[in-house]
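Chemist: Provided herewith: upload27.tsv, TSV, C-alpha atoms and all ligand atoms.
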chain	number	residue	atom	x	y	z
A	192	MET	CA	171.77	92.25	107.01
A	193	LYS	CA	171.74	94.77	104.18
A	194	THR	CA	174.78	96.77	103.18
A	195	TYR	CA	174.53	100.48	102.41
A	196	ASP	CA	177.24	102.77	101.17
A	197	PHE	CA	177.29	106.19	102.79
A	198	ALA	CA	180.30	108.33	101.80
A	199	MET	CA	182.43	105.23	101.26
A	200	VAL	CA	181.71	103.94	104.76
A	201	LYS	CA	179.94	100.63	104.79
A	202	ILE	CA	177.14	100.56	107.32
A	203	LEU	CA	175.41	97.35	108.24
A	204	VAL	CA	171.77	97.75	109.18
A	205	PRO	CA	169.92	94.78	110.61
A	206	VAL	CA	166.83	94.00	108.53
A	207	SER	CA	164.79	93.78	111.72
A	208	TYR	CA	165.55	97.46	112.29
A	209	LEU	CA	164.44	98.41	108.78
A	210	SER	CA	161.12	96.67	109.26
A	211	VAL	CA	160.43	98.97	112.21
A	212	LEU	CA	160.02	101.73	109.64
A	213	CYS	CA	156.80	100.21	108.40
A	214	VAL	CA	155.07	99.36	111.63
A	215	SER	CA	151.35	99.85	111.18
A	216	GLN	CA	148.85	100.58	113.90
A	217	ASP	CA	146.04	99.16	111.83
A	218	PHE	CA	147.03	95.56	111.09
A	219	ASP	CA	149.84	93.08	111.78
A	220	PHE	CA	150.83	91.66	108.37
A	221	PHE	CA	149.54	91.10	104.85
A	222	TYR	CA	148.50	87.88	103.21
A	223	PHE	CA	149.56	87.91	99.56
A	224	VAL	CA	147.22	85.46	97.88
A	225	GLN	CA	147.56	83.88	94.46
A	226	GLN	CA	145.02	81.60	92.82
A	227	TRP	CA	145.31	78.78	90.32
A	228	PRO	CA	142.90	79.46	87.43
A	229	GLY	CA	142.24	75.79	86.68
A	230	ASP	CA	140.36	75.19	89.92
A	231	THR	CA	137.06	76.65	88.90
A	232	LYS	CA	135.30	73.57	87.48
A	233	LYS	CA	132.65	73.42	90.15
A	234	LYS	CA	131.68	77.10	89.95
A	235	SER	CA	130.70	79.08	86.92
A	236	CYS	CA	133.79	80.69	85.50
A	237	CYS	CA	134.21	83.27	82.77
A	238	TYR	CA	137.34	84.56	81.12
A	239	PRO	CA	137.96	88.29	81.33
A	240	LYS	CA	137.08	90.49	78.34
A	241	SER	CA	140.78	90.55	77.43
A	242	GLY	CA	140.65	86.78	76.74
A	243	LYS	CA	141.82	83.55	78.34
A	244	PRO	CA	144.61	84.35	80.82
A	245	ALA	CA	147.97	82.59	80.77
A	246	ALA	CA	148.11	79.15	82.41
A	247	ASP	CA	149.76	80.57	85.51
A	248	PHE	CA	148.90	81.63	89.02
A	249	GLY	CA	147.12	84.98	89.19
A	250	VAL	CA	146.83	87.46	92.00
A	251	HIS	CA	143.78	87.23	94.24
A	252	GLY	CA	144.75	89.99	96.61
A	253	LEU	CA	146.89	91.61	99.29
A	254	TRP	CA	144.99	91.38	102.55
A	255	PRO	CA	145.77	93.10	105.86
A	256	ASN	CA	145.42	90.59	108.72
A	257	PHE	CA	145.68	90.51	112.52
A	258	ASN	CA	147.87	88.08	114.46
A	259	ASN	CA	144.71	86.80	116.18
A	260	GLY	CA	143.42	85.45	112.87
A	261	SER	CA	140.75	88.05	112.20
A	262	TYR	CA	141.12	90.82	109.66
A	263	PRO	CA	139.93	94.37	109.15
A	264	SER	CA	137.68	95.09	106.17
A	265	ASP	CA	135.95	97.98	104.42
A	266	CYS	CA	137.95	100.54	106.36
A	267	ASP	CA	137.22	103.70	104.36
A	268	PRO	CA	133.98	104.11	102.38
A	269	ASN	CA	135.10	107.67	101.54
A	270	ASN	CA	138.06	106.38	99.55
A	271	PRO	CA	136.53	104.02	96.97
A	272	TYR	CA	138.33	102.35	94.07
A	273	ASP	CA	139.30	105.01	91.54
A	274	GLN	CA	140.59	103.70	88.25
A	275	SER	CA	142.00	107.11	87.33
A	276	GLN	CA	144.67	106.68	90.04
A	277	ILE	CA	146.05	103.45	88.58
A	278	LEU	CA	145.69	103.84	84.81
A	279	ASP	CA	149.39	103.06	84.34
A	280	LEU	CA	148.93	99.70	86.09
A	281	ILE	CA	145.78	98.40	84.38
A	282	GLY	CA	147.62	96.63	81.55
A	283	CYS	CA	149.78	94.76	84.04
A	284	MET	CA	146.77	93.96	86.23
A	285	GLU	CA	144.93	92.44	83.27
A	286	GLU	CA	147.84	90.01	82.93
A	287	GLU	CA	148.70	89.31	86.56
A	288	TRP	CA	145.36	89.82	88.33
A	289	PRO	CA	142.71	88.37	85.99
A	290	THR	CA	139.08	88.04	87.01
A	291	PHE	CA	137.11	84.83	86.50
A	292	SER	CA	133.72	86.15	87.53
A	293	CYS	CA	130.64	85.98	85.32
A	294	PRO	CA	129.42	87.55	83.19
A	295	SER	CA	132.72	88.18	81.44
A	296	ASN	CA	134.00	91.65	82.35
A	297	ASN	CA	137.09	93.85	82.31
A	298	GLY	CA	138.25	93.24	85.90
A	299	THR	CA	137.09	96.53	87.38
A	300	LYS	CA	134.59	94.80	89.70
A	301	PHE	CA	137.26	92.43	91.09
A	302	TRP	CA	139.89	95.14	91.63
A	303	ALA	CA	137.35	97.52	93.15
A	304	HIS	CA	136.25	94.78	95.58
A	305	GLU	CA	139.86	94.09	96.58
A	306	TRP	CA	140.63	97.76	97.22
A	307	ASN	CA	137.35	98.60	98.95
A	308	LYS	CA	137.33	95.54	101.23
A	309	HIS	CA	141.06	95.00	101.89
A	310	GLY	CA	143.15	97.83	100.44
A	311	THR	CA	141.41	100.60	102.37
A	312	CYS	CA	142.57	98.90	105.59
A	313	SER	CA	146.23	99.47	104.69
A	314	LYS	CA	145.82	103.11	103.69
A	315	SER	CA	148.01	104.27	106.58
A	316	VAL	CA	150.97	102.74	104.70
A	317	LEU	CA	149.83	102.47	101.08
A	318	ASP	CA	147.68	104.79	99.02
A	319	GLN	CA	145.64	103.31	96.17
A	320	HIS	CA	148.41	103.44	93.59
A	321	ASP	CA	151.02	102.12	96.04
A	322	TYR	CA	148.70	99.29	97.04
A	323	PHE	CA	148.22	97.97	93.52
A	324	GLN	CA	151.86	98.61	92.64
A	325	ALA	CA	153.07	96.76	95.74
A	326	THR	CA	150.86	93.80	94.89
A	327	LEU	CA	152.15	93.61	91.33
A	328	ASN	CA	155.73	93.88	92.61
A	329	LEU	CA	155.17	90.93	94.94
A	330	LYS	CA	153.76	88.90	92.05
A	331	LYS	CA	156.89	89.61	90.02
A	332	LYS	CA	159.12	88.40	92.87
A	333	VAL	CA	157.76	84.86	92.92
A	334	ASP	CA	157.31	82.32	90.15
A	335	LEU	CA	155.16	79.70	91.82
A	336	LEU	CA	154.59	77.61	88.72
A	337	GLN	CA	158.35	77.46	88.09
A	338	ALA	CA	158.98	76.39	91.69
A	339	LEU	CA	156.45	73.58	91.35
A	340	GLN	CA	157.61	72.45	87.92
A	341	THR	CA	161.22	72.34	89.10
A	342	ALA	CA	160.05	69.71	91.57
A	343	GLY	CA	158.17	67.80	88.86
A	344	ILE	CA	154.76	69.09	89.94
A	345	GLU	CA	152.80	69.93	86.79
A	346	PRO	CA	149.30	71.28	86.22
A	347	ASN	CA	148.11	68.18	84.40
A	348	GLY	CA	145.17	66.97	86.44
A	349	THR	CA	147.14	64.43	88.46
A	350	PHE	CA	147.43	64.20	92.24
A	351	TYR	CA	150.41	65.23	94.34
A	352	LYS	CA	151.16	64.95	98.03
A	353	LEU	CA	150.25	68.18	99.79
A	354	ASP	CA	153.56	67.98	101.69
A	355	ASN	CA	155.49	67.79	98.41
A	356	ILE	CA	153.70	70.84	97.04
A	357	GLY	CA	154.54	72.79	100.19
A	358	GLU	CA	158.18	71.68	100.09
A	359	ALA	CA	158.57	72.54	96.39
A	360	ILE	CA	157.29	76.06	97.04
A	361	LYS	CA	159.43	76.50	100.16
A	362	ASN	CA	162.52	75.34	98.24
A	363	GLY	CA	161.83	77.51	95.20
A	364	ILE	CA	160.57	80.69	96.87
A	365	GLY	CA	162.20	80.53	100.29
A	366	TYR	CA	159.08	80.85	102.43
A	367	THR	CA	156.57	78.32	103.73
A	368	PRO	CA	153.28	78.83	101.91
A	369	GLY	CA	149.72	78.50	103.13
A	370	ILE	CA	147.91	76.20	100.71
A	371	THR	CA	144.14	76.07	100.30
A	372	CYS	CA	142.00	73.64	98.34
A	373	ASN	CA	138.47	73.30	97.12
A	374	GLY	CA	136.57	70.40	95.59
A	375	ASP	CA	136.57	69.51	91.91
A	376	ALA	CA	133.42	68.30	90.11
A	377	SER	CA	133.80	64.83	91.67
A	378	GLY	CA	134.59	66.16	95.12
A	379	HIS	CA	138.35	65.59	95.02
A	380	SER	CA	140.62	68.05	96.80
A	381	GLN	CA	142.19	70.39	94.25
A	382	LEU	CA	144.73	73.18	94.53
A	383	HIS	CA	143.02	76.53	94.93
A	384	GLU	CA	145.16	79.29	96.46
A	385	ILE	CA	148.69	79.90	97.75
A	386	TYR	CA	149.25	82.35	100.62
A	387	PHE	CA	152.46	84.11	101.59
A	388	CYS	CA	152.93	86.56	104.43
A	389	VAL	CA	154.29	90.05	103.77
A	390	ASP	CA	155.48	92.83	106.09
A	391	THR	CA	153.26	95.84	106.72
A	392	CYS	CA	155.13	97.85	104.05
A	393	GLY	CA	153.78	95.42	101.50
A	394	SER	CA	157.30	94.89	100.20
A	395	ASN	CA	159.05	91.94	101.85
A	396	PHE	CA	157.97	88.36	102.31
A	397	ILE	CA	158.15	87.08	105.88
A	398	GLU	CA	157.52	83.67	107.42
A	399	CYS	CA	153.86	83.29	108.40
A	400	SER	CA	153.05	82.93	112.07
A	401	LEU	CA	149.51	82.02	111.10
A	402	PHE	CA	148.17	79.99	108.17
A	403	PRO	CA	144.68	79.94	106.65
A	404	ASN	CA	142.49	76.88	107.12
A	405	GLY	CA	143.58	75.03	103.99
A	406	ARG	CA	140.87	72.34	103.70
A	407	CYS	CA	143.26	70.19	101.63
A	408	SER	CA	143.44	66.40	101.66
A	409	SER	CA	146.89	64.82	101.92
A	410	GLU	CA	146.70	64.20	98.14
A	411	VAL	CA	145.80	67.21	96.03
A	412	GLU	CA	144.85	67.48	92.38
A	413	PHE	CA	146.70	70.10	90.30
A	414	PRO	CA	144.16	70.75	87.55
A	415	SER	CA	145.13	71.77	84.05
A	416	PHE	CA	144.01	75.11	82.67
A	501	LIG	C1	141.92	90.83	116.83
A	501	LIG	O1	142.80	91.90	116.99
A	501	LIG	C2	142.30	93.15	116.53
A	501	LIG	C3	143.43	94.20	116.62
A	501	LIG	O2	144.04	94.15	117.84
A	501	LIG	C4	141.07	93.55	117.29
A	501	LIG	O3	140.57	94.79	116.82
A	501	LIG	C5	140.02	92.47	117.10
A	501	LIG	O4	138.87	92.75	117.85
A	501	LIG	C6	140.58	91.10	117.51
A	501	LIG	N1	139.61	90.09	117.13
A	501	LIG	C7	139.39	89.00	117.87
A	501	LIG	C8	138.38	88.03	117.33
A	501	LIG	O5	139.97	88.78	118.92
A	502	LIG	C1	135.71	98.63	82.63
A	502	LIG	O1	134.31	98.76	82.48
A	502	LIG	C2	133.75	99.80	83.30
A	502	LIG	C3	132.25	99.78	83.10
A	502	LIG	O2	131.73	98.51	83.32
A	502	LIG	C4	134.34	101.13	82.90
A	502	LIG	O3	133.85	102.14	83.77
A	502	LIG	C5	135.85	101.09	83.03
A	502	LIG	O4	136.40	102.28	82.53
A	502	LIG	C6	136.43	99.91	82.25
A	502	LIG	N1	137.86	99.81	82.56
A	502	LIG	C7	138.78	99.49	81.69
A	502	LIG	C8	140.18	99.45	82.20
A	502	LIG	O5	138.54	99.26	80.52
If you took the structure in this file and wrote it as structure tokens, what would it be?
Ligand SMILES: *[C@@H]1O[C@H](CO)[C@@H](O)[C@H](O)[C@H]1NC(C)=O
Ligand SMILES: *[C@@H]1O[C@H](CO)[C@@H](O)[C@H](O)[C@H]1NC(C)=O
Modeler:
Amino acid sequence: MKTYDFAMVKILVPVSYLSVLCVSQDFDFFYFVQQWPGDTKKKSCCYPKSGKPAADFGVHGLWPNFNNGSYPSDCDPNNPYDQSQILDLIGCMEEEWPTFSCPSNNGTKFWAHEWNKHGTCSKSVLDQHDYFQATLNLKKKVDLLQALQTAGIEPNGTFYKLDNIGEAIKNGIGYTPGITCNGDASGHSQLHEIYFCVDTCGSNFIECSLFPNGRCSSEVEFPSF
């Protein structure tokens, strides 16, 4: 329940009612996806033009999804990524949403891909500026690394139980994460991405009814960066 003050009268509005205000016809929920930058050993990886990012999780994207597991993509070719609409956010995006693609670049390709493929499918609720702003706001709400470190889980190249990683995040953030892995140079399962589910406004975390196929072993490496 949230409390609102209207003319000194306290009115209690159930949160479930508020969420009705952002019902979308076009998708069912968002995945908010963060990636660990130290997982890239097996692929080529370049630092962005702005330099080596902080040793922290970075944004991968905010992806509209359907409850049946599929997702809409490339919904509006007439509304392509337009940097001029988000100039005030670029500095923050360089910090929170770094690219690791090669050759080294300024991030425009990554952000354009995210908007064109995923963002355009949420345009009924979020315009381009709102979409990037909402994503950055979500990033600011959760400190994944802190949640893990509080539970003694450090990015130092050692292995942790997948269950313990999930519990640490649930305890620190309040929501059960989706966890995905890929293989390191020797084929060991290593932490790759963390998924949370978000309402169709792009503003509130919700419990996921559907998790990505994580491909993690029961013991997962947390690589250093
Ligand atoms: C999933 O649901 C969406 C929206 O209802 C629909 O457009 C799509 O065809 C469905 N996909 C599958 C694989 O069932
Ligand atoms: C990034 O580089 C592209 C050209 O590759 C340029 O159009 C764009 O303005 C640059 N963006 C920033 C934020 O520097």
Chemist: Could you build a table of the residues in chain A lying no more than 7 Å from ligand LIG 502 (chain A), giving for each the nearest pair of atoms and their separation in Å rounded to one decimal place, using only C-alpha atoms and all ligand atoms, ordered by chain and ascending residue number, as a tab-separated table?
Modeler:
residue	atom	partner	partner_atom	distance
A:Ile281	CA	A:LIG502	C8	6.1
A:Asn297	CA	A:LIG502	C1	5.0
A:Gly298	CA	A:LIG502	C1	6.8
A:Thr299	CA	A:LIG502	C1	5.4
Chemist: How would the residues just chosen look if you wrote them out with C-alpha atoms as a PDB file, in the frame of the given file?
Modeler:
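Generated file (part_17.pdb):
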ATOM      1  CA  ILE A 281     145.780  98.400  84.380  1.00  0.00           C
ATOM      2  CA  ASN A 297     137.090  93.850  82.310  1.00  0.00           C
ATOM      3  CA  GLY A 298     138.250  93.240  85.900  1.00  0.00           C
ATOM      4  CA  THR A 299     137.090  96.530  87.380  1.00  0.00           C
TER       5      THR A 299
END
Chemist: What is the distance between atom CA of A:Leu278 and atom CA of A:Gly252, in Å to one decimal?
Modeler: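 Going from atom CA of A:Leu278 over to atom CA of A:Gly252, I get 18.2 Å.
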Chemist: Residues at most 7 Å from ligand LIG 501 (chain A), using only C-alpha atoms and all ligand atoms? Could they come as a list in words?
Modeler: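 Selection of residues at most 7 Å from ligand LIG 501 (chain A): Phe218, Phe257, Asn258, Asn259, Gly260 and Ser261 of chain A.
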Chemist: How far is it from atom CA of A:Glu398 to atom CA of A:Lys331, in Å with one decimal?
Modeler: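 These atoms are spaced 18.4 Å apart.
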Chemist: What does the structure give for the distance between atom CA of A:Glu287 and atom CA of A:Pro346, in Å to one decimal?
Modeler: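 So the answer is 18.0 Å.
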Chemist: Around the point (151.3, 69.1, 96.3) (coordinates from the file), which residues reach within 10 Å if we count all atoms listed in the file? Answer as a PyMOL selection string.
Modeler: chain A and resi 339+342+344-345+350-360+370+381-382+407-413
Chemist: Counting only C-alpha atoms, which of A:Ser264, A:Leu253, A:Asn328, A:Trp288 gets nearest to A:Val224?
Modeler: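 The closest residue to A:Val224 is A:Leu253.
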Chemist: So which one's closest to A:His320, A:Glu305, A:Asp279, A:Asp390, A:Asp334? Using all atoms listed in the file, please.
Modeler: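 Using all atoms listed in the file, the shortest distance to A:His320 belongs to A:Asp279.
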Chemist: Using only C-alpha atoms, which residue out of A:Gln226, A:Gln216, A:Gln276, A:Gln337 lies closest to A:Asp318?
Modeler: A:Gln276
Chemist: Using only C-alpha atoms, which of A:Ile385, A:Phe402, A:Gln324, A:Cys266 sits nearest A:Phe248?
Modeler: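 Nearest to A:Phe248: A:Ile385.
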Chemist: In terms of the shortest atom-to-atom distance over all atoms listed in the file, which of A:Asp247, A:Asp321, A:Glu286, A:Asp217 is closest to A:Tyr262?
Modeler: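 Checking each candidate against A:Tyr262, we get A:Asp217 as the closest.
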